[in-house]
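Working notes for the structure below.
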Amino acid sequence: FFKTFKVSVQRSNRTIAIDSMSRVVTPLEIGVCSTYKRSKIRSVIQVIEPLPPGADEAKEKAELRRRFGWKDVRGLTCYSATGTYRDLYVYFDYADKRSEINKVATNAFKCYGLDGAQVGKEWNHIRGSCVVVRAEPPVTRVGGMFQFFSSNVSSMPPSTSTTHDYDPTISIDEMVETLMFFKGKKASTVARSRDIERTQASMPLGFNPPNDARLAYVSPSTVRNPDQVARDREKCLQCHKMKGMMSKLMHCPCSKDVLYCSRECQKAHWKVHKVTCSVRKKK
């Protein structure tokens, strides 16, 4: 047997796809950049004049058309380097087919379809500059798009909601770190993993699934089977960040079940782990 719990997300004044967000207007402009040198990335990012107040997307797009001469302003929902929800909204000119490809921005922001769609019309590149604003956190209803596969469905979780820390500002330093974070990563894979983690976090405290329950994840764009979800839920032994947040975890060469998100966490946890690790080495 299985029971499905779907995402229900509210937006203050409009709805876009599954995960919709209203935004405050504290924008950054990211110019064309094709190299991952920090100094170069920093040099193409600048704070620009505020967009119209009220988080009115139509007015924001009209202002960007007026200010930059963009023909077809489209939006993208994205994650920052440390975002626990889709905390960035990016505008760019979809009609621009002549400007240089903004490789660094494209790589970081290619998480979903146009205008925040989970699935839908694909896009290839951001050409020229783009404008980034902070998105407000959504209200997420339990339990995302998970399915519990179990012979006993009597202990399914009740409906609840989750909240996220919200900082309306975006600093240039944060944007540099975000663009650097996505170097060598596929943004859509990182986004999917964080979507799964965020939905898992919406499970109410104290909820205990049936002993034989296995958790799967289903969305319009992907299906994660129970074994894949189990791997997504693996955590760094030191900082406890999930694999979904870090995209990749490394294991100790002598202890395959001991995972770390970074060399720093491995070093910090060595005092604890070295006892069992040494025993395994002798064996």
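Residues are referred to by chain and number: the chain letter is A, B, ... according to the order shown in the structure tokens, the number counts from 1 in that chain, and ligands are numbered separately from 1 in the order shown.
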All residues 8 Å or closer to A:Val104, only C-alpha atoms, same chain fewer than 4 positions away omitted, as a list of chain:residue names: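 Neighbouring residues, sequence-local ones excluded: A:Val32, A:Cys33, A:Ser34, A:Thr35, A:Tyr36, A:Ala108, A:Leu179, A:Lys183.
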Tell me which protein, DNA and RNA residues are within 12 Å of A:His269, counting only C-alpha atoms, leaving out same-chain ones fewer than 6 positions away, and put them as a list in words.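 The neighbour list is Cys236, Leu237, Gln238, Cys239, His240, Cys252, Val258, Leu259, Tyr260, Cys261, Ser262, Arg263, Val275, Thr276 and Cys277 of chain A.
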Please list as a list of chain:residue names every residue within 6 Å of stretch 69-85 of chain A, counting only C-alpha atoms and excluding residues in the same chain fewer than 5 positions away. A:Lys61, A:Val90, A:Tyr91, A:Phe92, A:Asp93, A:Tyr94, A:Ala95, A:Phe109, A:Cys111, A:Leu114, A:Asp115, A:Gly116, A:Thr178, A:Phe181
File dump, residues just selected, N, CA and C atoms, as a PDB file, in the first residue's frame:
```
ATOM      1  N   LYS A  61       9.044  43.359 -14.500  1.00  0.00           N
ATOM      2  CA  LYS A  61       9.428  43.051 -15.870  1.00  0.00           C
ATOM      3  C   LYS A  61       9.348  44.297 -16.759  1.00  0.00           C
ATOM      4  N   VAL A  90      15.590  35.037 -10.601  1.00  0.00           N
ATOM      5  CA  VAL A  90      16.501  35.621 -11.587  1.00  0.00           C
ATOM      6  C   VAL A  90      15.725  36.043 -12.834  1.00  0.00           C
ATOM      7  N   TYR A  91      15.954  37.276 -13.273  1.00  0.00           N
ATOM      8  CA  TYR A  91      15.364  37.781 -14.513  1.00  0.00           C
ATOM      9  C   TYR A  91      16.444  37.834 -15.601  1.00  0.00           C
ATOM     10  N   PHE A  92      16.059  37.488 -16.829  1.00  0.00           N
ATOM     11  CA  PHE A  92      16.954  37.653 -17.968  1.00  0.00           C
ATOM     12  C   PHE A  92      16.124  37.831 -19.232  1.00  0.00           C
ATOM     13  N   ASP A  93      16.792  38.241 -20.320  1.00  0.00           N
ATOM     14  CA  ASP A  93      16.101  38.480 -21.588  1.00  0.00           C
ATOM     15  C   ASP A  93      16.128  37.204 -22.414  1.00  0.00           C
ATOM     16  N   TYR A  94      15.018  36.488 -22.435  1.00  0.00           N
ATOM     17  CA  TYR A  94      14.922  35.226 -23.160  1.00  0.00           C
ATOM     18  C   TYR A  94      15.020  35.431 -24.667  1.00  0.00           C
ATOM     19  N   ALA A  95      14.699  36.646 -25.127  1.00  0.00           N
ATOM     20  CA  ALA A  95      14.710  36.925 -26.568  1.00  0.00           C
ATOM     21  C   ALA A  95      16.104  37.246 -27.097  1.00  0.00           C
ATOM     22  N   PHE A 109      22.086  28.930 -12.393  1.00  0.00           N
ATOM     23  CA  PHE A 109      20.658  29.204 -12.319  1.00  0.00           C
ATOM     24  C   PHE A 109      19.796  28.272 -13.161  1.00  0.00           C
ATOM     25  N   CYS A 111      18.158  25.598 -12.836  1.00  0.00           N
ATOM     26  CA  CYS A 111      17.562  24.633 -11.902  1.00  0.00           C
ATOM     27  C   CYS A 111      16.224  24.103 -12.403  1.00  0.00           C
ATOM     28  N   LEU A 114      11.320  27.841 -17.315  1.00  0.00           N
ATOM     29  CA  LEU A 114      11.082  29.277 -17.337  1.00  0.00           C
ATOM     30  C   LEU A 114       9.963  29.668 -16.382  1.00  0.00           C
ATOM     31  N   ASP A 115      10.112  30.850 -15.792  1.00  0.00           N
ATOM     32  CA  ASP A 115       9.105  31.427 -14.890  1.00  0.00           C
ATOM     33  C   ASP A 115       8.801  30.528 -13.705  1.00  0.00           C
ATOM     34  N   GLY A 116       9.806  29.789 -13.246  1.00  0.00           N
ATOM     35  CA  GLY A 116       9.663  28.987 -12.039  1.00  0.00           C
ATOM     36  C   GLY A 116       8.963  27.668 -12.225  1.00  0.00           C
ATOM     37  N   THR A 178      27.810  31.846  -4.236  1.00  0.00           N
ATOM     38  CA  THR A 178      26.808  31.026  -4.918  1.00  0.00           C
ATOM     39  C   THR A 178      27.293  30.614  -6.304  1.00  0.00           C
ATOM     40  N   PHE A 181      29.995  28.105  -5.928  1.00  0.00           N
ATOM     41  CA  PHE A 181      29.493  26.827  -5.417  1.00  0.00           C
ATOM     42  C   PHE A 181      29.055  25.903  -6.545  1.00  0.00           C
TER      43      PHE A 181
END
```
